[in-house]
Amino acid sequence: MSRILHALHRKWNLFLVNKVLAGTSPRRFERKRRLLNAIGFEIGEGSKIVGPIFCTGKLEIGGNCWIGRNLRIDGNGSVTIGDNCDIAPEVIFETGGHRIGAPQRRAGKGENYRISVGDGTWICAGAMVLGAASVGSGCIVAARACVTKDVTDNTMVGGIPAHFIQELPI
């Protein structure tokens, strides 16, 4: 019975965050943070979540972050976002995938990945981070970029697949 109650609690809190409290009203940010923490997410002090969010895996967000609307975390893996990060609207973290299977079914055995985003990073609108790729600290991921490999600290990447654009000042 507690599993059913937990599932209902999760759905209710997500409904509140995604439908009732969604948006940028300053009074609502702390309430959304507490509701998400109550259902197993880890959202640091001062972080602001616009909502709605969709998450099927594990999510940890550091302190003093801005999370734009329609953050999506697909798959059963995990996403860890450092402190002082800005995640623009419509960003997707894809934490699940498959090994290449036999010709009869190319999507083979499923896999879960862990994605991390370093402190101070800005991920621009519509970007996507796939698989086990990590984004370092102090980075910028350009709008609509598709990150498939690790991004080193203090660099800007963009494109599909994302490629190095420039080093950023420290």
# chains A, B, ... in the order shown; residues from 1 in each chain; ligands from 1
>>> residues_around(residues="Cys124 (chain A)", least_positions_apart="3", cutoff="10 Å", atoms="only C-alpha atoms", output="short mmCIF file (atom, residue, chain, number, x, y, z; two decimals) with N, CA and C atoms, in the first residue's frame")
data_model
loop_
_atom_site.label_atom_id
_atom_site.label_comp_id
_atom_site.auth_asym_id
_atom_site.auth_seq_id
_atom_site.Cartn_x
_atom_site.Cartn_y
_atom_site.Cartn_z
N GLY A 68 14.63 26.47 -16.57
CA GLY A 68 13.56 26.99 -17.42
C GLY A 68 12.44 25.99 -17.64
N ASP A 86 22.43 27.67 -15.22
CA ASP A 86 21.24 28.16 -15.89
C ASP A 86 20.88 27.15 -16.97
N ILE A 87 19.67 26.60 -16.85
CA ILE A 87 19.17 25.65 -17.83
C ILE A 87 17.98 26.31 -18.50
N ALA A 88 18.11 26.63 -19.77
CA ALA A 88 17.09 27.37 -20.50
C ALA A 88 15.88 26.47 -20.79
N PRO A 89 14.81 27.03 -21.36
CA PRO A 89 13.64 26.23 -21.69
C PRO A 89 13.93 25.13 -22.71
N GLU A 90 13.12 24.07 -22.59
CA GLU A 90 13.09 22.97 -23.57
C GLU A 90 14.38 22.16 -23.64
N VAL A 91 15.13 22.09 -22.55
CA VAL A 91 16.36 21.29 -22.52
C VAL A 91 16.00 19.84 -22.20
N THR A 121 27.55 26.45 -15.27
CA THR A 121 27.31 26.17 -16.69
C THR A 121 25.96 26.71 -17.14
N ALA A 127 18.66 22.66 -26.12
CA ALA A 127 19.82 21.77 -26.20
C ALA A 127 19.45 20.39 -25.67
N MET A 128 20.25 19.41 -26.09
CA MET A 128 20.03 18.03 -25.66
C MET A 128 21.37 17.44 -25.25
N ILE A 140 29.29 26.78 -21.82
CA ILE A 140 28.07 27.19 -22.50
C ILE A 140 27.79 26.15 -23.57
N VAL A 141 26.57 25.62 -23.54
CA VAL A 141 26.09 24.73 -24.59
C VAL A 141 25.09 25.56 -25.39
N ALA A 142 25.40 25.82 -26.66
CA ALA A 142 24.59 26.69 -27.51
C ALA A 142 23.19 26.13 -27.72
N ALA A 143 22.27 27.03 -28.09
CA ALA A 143 20.90 26.64 -28.35
C ALA A 143 20.84 25.54 -29.42
N ARG A 144 20.00 24.57 -29.15
CA ARG A 144 19.73 23.44 -30.04
C ARG A 144 20.91 22.50 -30.26
N ALA A 145 21.99 22.67 -29.50
CA ALA A 145 23.13 21.77 -29.63
C ALA A 145 22.74 20.38 -29.14
N GLY A 158 28.57 23.86 -29.67
CA GLY A 158 27.31 24.04 -30.38
C GLY A 158 27.26 23.13 -31.58
#
>>> residues_around(residues="Gly96 (chain A)", least_positions_apart="5", cutoff="6 Å", atoms="only C-alpha atoms", output="NGL selection string")
:A and (75 or 111-113)
>>> select_by_dssp(residues="region 35-64 of chain A", states="strand (DSSP E or B)", output="list of chain:residue names")
A:Glu42, A:Ile43, A:Lys48, A:Ile49, A:Ile53, A:Phe54, A:Cys55, A:Lys58, A:Leu59, A:Glu60, A:Ile61
>>> closest_residue(among="A:Ile49, A:Cys139, A:Ile43, A:Ala102", to="Ser25 (chain A)", atoms="only C-alpha atoms")
A:Ile49
>>> select_by_dssp(residues="region 17-90 of chain A", states="helix (DSSP H, G or I)", output="count of residues only")
17
>>> residues_around(residues="Thr155 (chain A)", least_positions_apart="3", cutoff="10 Å", atoms="only C-alpha atoms", output="list in words")
Thr121, Val135, Gly136, Ser137, Gly138, Cys139, Ile140, Val141, Val151, Thr152, Phe164, Ile165, Gln166, Glu167, Leu168, Pro169 and Ile170 of chain A
>>> write_last_selection(atoms="N, CA and C atoms", output="PDB file, in the first residue's frame")
ATOM      1  N   THR A 121      27.547  26.446 -15.270  1.00  0.00           N
ATOM      2  CA  THR A 121      27.308  26.173 -16.693  1.00  0.00           C
ATOM      3  C   THR A 121      25.960  26.707 -17.143  1.00  0.00           C
ATOM      4  N   VAL A 135      28.939  17.625 -18.951  1.00  0.00           N
ATOM      5  CA  VAL A 135      29.302  18.987 -19.319  1.00  0.00           C
ATOM      6  C   VAL A 135      30.059  19.573 -18.137  1.00  0.00           C
ATOM      7  N   GLY A 136      31.256  20.084 -18.374  1.00  0.00           N
ATOM      8  CA  GLY A 136      32.115  20.582 -17.310  1.00  0.00           C
ATOM      9  C   GLY A 136      31.605  21.868 -16.679  1.00  0.00           C
ATOM     10  N   SER A 137      32.412  22.432 -15.808  1.00  0.00           N
ATOM     11  CA  SER A 137      32.089  23.680 -15.123  1.00  0.00           C
ATOM     12  C   SER A 137      32.383  24.872 -16.025  1.00  0.00           C
ATOM     13  N   GLY A 138      31.579  25.922 -15.873  1.00  0.00           N
ATOM     14  CA  GLY A 138      31.814  27.165 -16.596  1.00  0.00           C
ATOM     15  C   GLY A 138      31.604  27.088 -18.087  1.00  0.00           C
ATOM     16  N   CYS A 139      30.809  26.138 -18.553  1.00  0.00           N
ATOM     17  CA  CYS A 139      30.601  25.933 -19.991  1.00  0.00           C
ATOM     18  C   CYS A 139      29.355  26.641 -20.490  1.00  0.00           C
ATOM     19  N   ILE A 140      29.288  26.778 -21.815  1.00  0.00           N
ATOM     20  CA  ILE A 140      28.070  27.194 -22.501  1.00  0.00           C
ATOM     21  C   ILE A 140      27.787  26.152 -23.573  1.00  0.00           C
ATOM     22  N   VAL A 141      26.567  25.619 -23.535  1.00  0.00           N
ATOM     23  CA  VAL A 141      26.091  24.732 -24.593  1.00  0.00           C
ATOM     24  C   VAL A 141      25.092  25.557 -25.395  1.00  0.00           C
ATOM     25  N   VAL A 151      32.146  17.505 -22.407  1.00  0.00           N
ATOM     26  CA  VAL A 151      32.547  18.885 -22.685  1.00  0.00           C
ATOM     27  C   VAL A 151      33.484  19.313 -21.565  1.00  0.00           C
ATOM     28  N   THR A 152      34.695  19.758 -21.921  1.00  0.00           N
ATOM     29  CA  THR A 152      35.666  20.154 -20.902  1.00  0.00           C
ATOM     30  C   THR A 152      35.308  21.502 -20.296  1.00  0.00           C
ATOM     31  N   PHE A 164      33.403  21.796 -30.460  1.00  0.00           N
ATOM     32  CA  PHE A 164      34.075  22.917 -29.810  1.00  0.00           C
ATOM     33  C   PHE A 164      33.906  24.181 -30.638  1.00  0.00           C
ATOM     34  N   ILE A 165      33.543  25.294 -29.964  1.00  0.00           N
ATOM     35  CA  ILE A 165      33.465  26.597 -30.626  1.00  0.00           C
ATOM     36  C   ILE A 165      34.576  27.502 -30.142  1.00  0.00           C
ATOM     37  N   GLN A 166      34.716  27.615 -28.802  1.00  0.00           N
ATOM     38  CA  GLN A 166      35.781  28.452 -28.273  1.00  0.00           C
ATOM     39  C   GLN A 166      36.008  28.176 -26.798  1.00  0.00           C
ATOM     40  N   GLU A 167      37.215  28.536 -26.350  1.00  0.00           N
ATOM     41  CA  GLU A 167      37.490  28.526 -24.918  1.00  0.00           C
ATOM     42  C   GLU A 167      36.879  29.777 -24.335  1.00  0.00           C
ATOM     43  N   LEU A 168      36.407  29.672 -23.100  1.00  0.00           N
ATOM     44  CA  LEU A 168      35.818  30.811 -22.412  1.00  0.00           C
ATOM     45  C   LEU A 168      36.782  31.344 -21.380  1.00  0.00           C
ATOM     46  N   PRO A 169      36.769  32.657 -21.139  1.00  0.00           N
ATOM     47  CA  PRO A 169      37.686  33.229 -20.146  1.00  0.00           C
ATOM     48  C   PRO A 169      37.390  32.681 -18.745  1.00  0.00           C
ATOM     49  N   ILE A 170      38.461  32.553 -18.003  1.00  0.00           N
ATOM     50  CA  ILE A 170      38.325  32.048 -16.618  1.00  0.00           C
ATOM     51  C   ILE A 170      38.204  33.208 -15.661  1.00  0.00           C
TER      52      ILE A 170
END
>>> residues_around(residues="Lys19 (chain A)", least_positions_apart="2", cutoff="12 Å", atoms="only C-alpha atoms", output="PDB file with N, CA and C atoms, in the first residue's frame")
ATOM      1  N   LYS A  11       2.659  11.925  -8.019  1.00  0.00           N
ATOM      2  CA  LYS A  11       1.809  12.493  -9.078  1.00  0.00           C
ATOM      3  C   LYS A  11       1.166  13.799  -8.622  1.00  0.00           C
ATOM      4  N   TRP A  12       0.704  13.850  -7.394  1.00  0.00           N
ATOM      5  CA  TRP A  12       0.072  15.059  -6.878  1.00  0.00           C
ATOM      6  C   TRP A  12       1.076  16.215  -6.838  1.00  0.00           C
ATOM      7  N   ASN A  13       2.271  15.959  -6.284  1.00  0.00           N
ATOM      8  CA  ASN A  13       3.272  17.029  -6.203  1.00  0.00           C
ATOM      9  C   ASN A  13       3.685  17.514  -7.590  1.00  0.00           C
ATOM     10  N   LEU A  14       3.849  16.591  -8.527  1.00  0.00           N
ATOM     11  CA  LEU A  14       4.198  16.999  -9.887  1.00  0.00           C
ATOM     12  C   LEU A  14       3.053  17.770 -10.545  1.00  0.00           C
ATOM     13  N   PHE A  15       1.826  17.386 -10.265  1.00  0.00           N
ATOM     14  CA  PHE A  15       0.689  18.150 -10.771  1.00  0.00           C
ATOM     15  C   PHE A  15       0.740  19.585 -10.239  1.00  0.00           C
ATOM     16  N   LEU A  16       1.004  19.731  -8.955  1.00  0.00           N
ATOM     17  CA  LEU A  16       1.086  21.073  -8.369  1.00  0.00           C
ATOM     18  C   LEU A  16       2.210  21.890  -9.015  1.00  0.00           C
ATOM     19  N   VAL A  17       3.399  21.279  -9.157  1.00  0.00           N
ATOM     20  CA  VAL A  17       4.544  21.978  -9.742  1.00  0.00           C
ATOM     21  C   VAL A  17       4.283  22.314 -11.210  1.00  0.00           C
ATOM     22  N   LEU A  21       1.468  25.611 -10.026  1.00  0.00           N
ATOM     23  CA  LEU A  21       2.510  26.569  -9.648  1.00  0.00           C
ATOM     24  C   LEU A  21       3.473  26.919 -10.774  1.00  0.00           C
ATOM     25  N   ALA A  22       3.290  26.368 -11.966  1.00  0.00           N
ATOM     26  CA  ALA A  22       4.222  26.635 -13.071  1.00  0.00           C
ATOM     27  C   ALA A  22       4.285  28.124 -13.369  1.00  0.00           C
ATOM     28  N   GLY A  23       5.457  28.578 -13.744  1.00  0.00           N
ATOM     29  CA  GLY A  23       5.642  29.976 -14.094  1.00  0.00           C
ATOM     30  C   GLY A  23       6.729  30.617 -13.253  1.00  0.00           C
ATOM     31  N   LYS A  32       7.684  25.195  -4.957  1.00  0.00           N
ATOM     32  CA  LYS A  32       7.993  24.152  -5.938  1.00  0.00           C
ATOM     33  C   LYS A  32       9.220  23.353  -5.509  1.00  0.00           C
ATOM     34  N   VAL A  50      11.054  26.873 -13.079  1.00  0.00           N
ATOM     35  CA  VAL A  50       9.897  27.489 -13.711  1.00  0.00           C
ATOM     36  C   VAL A  50       8.780  26.457 -13.842  1.00  0.00           C
ATOM     37  N   GLY A  51       9.108  25.252 -14.329  1.00  0.00           N
ATOM     38  CA  GLY A  51       8.110  24.229 -14.561  1.00  0.00           C
ATOM     39  C   GLY A  51       7.399  24.497 -15.876  1.00  0.00           C
ATOM     40  N   PRO A  52       6.769  23.522 -16.422  1.00  0.00           N
ATOM     41  CA  PRO A  52       6.720  22.167 -15.913  1.00  0.00           C
ATOM     42  C   PRO A  52       8.024  21.399 -16.161  1.00  0.00           C
ATOM     43  N   ILE A  53       8.173  20.326 -15.406  1.00  0.00           N
ATOM     44  CA  ILE A  53       9.307  19.422 -15.615  1.00  0.00           C
ATOM     45  C   ILE A  53       8.767  18.009 -15.804  1.00  0.00           C
ATOM     46  N   PHE A  54       9.546  17.203 -16.516  1.00  0.00           N
ATOM     47  CA  PHE A  54       9.224  15.797 -16.709  1.00  0.00           C
ATOM     48  C   PHE A  54      10.487  15.027 -16.371  1.00  0.00           C
ATOM     49  N   ARG A  69      11.419  26.442 -18.352  1.00  0.00           N
ATOM     50  CA  ARG A  69      10.234  25.610 -18.541  1.00  0.00           C
ATOM     51  C   ARG A  69      10.541  24.401 -19.423  1.00  0.00           C
ATOM     52  N   ASN A  70       9.776  23.360 -19.160  1.00  0.00           N
ATOM     53  CA  ASN A  70       9.806  22.118 -19.936  1.00  0.00           C
ATOM     54  C   ASN A  70      11.151  21.400 -19.904  1.00  0.00           C
TER      55      ASN A  70
END
>>> residues_around(residues="His98 (chain A)", least_positions_apart="3", cutoff="7 Å", atoms="only C-alpha atoms", output="list of chain:residue names")
A:Ala107, A:Gly108, A:Lys109, A:Gly110, A:Glu111
>>> closest_residue(among="A:Gly46, A:Gly63, A:Pro161, A:Pro26", to="Leu130 (chain A)", atoms="only C-alpha atoms")
A:Pro161
>>> atom_distance(atom1="CA of Phe29 (chain A)", atom2="CA of Lys48 (chain A)")
5.3 Å
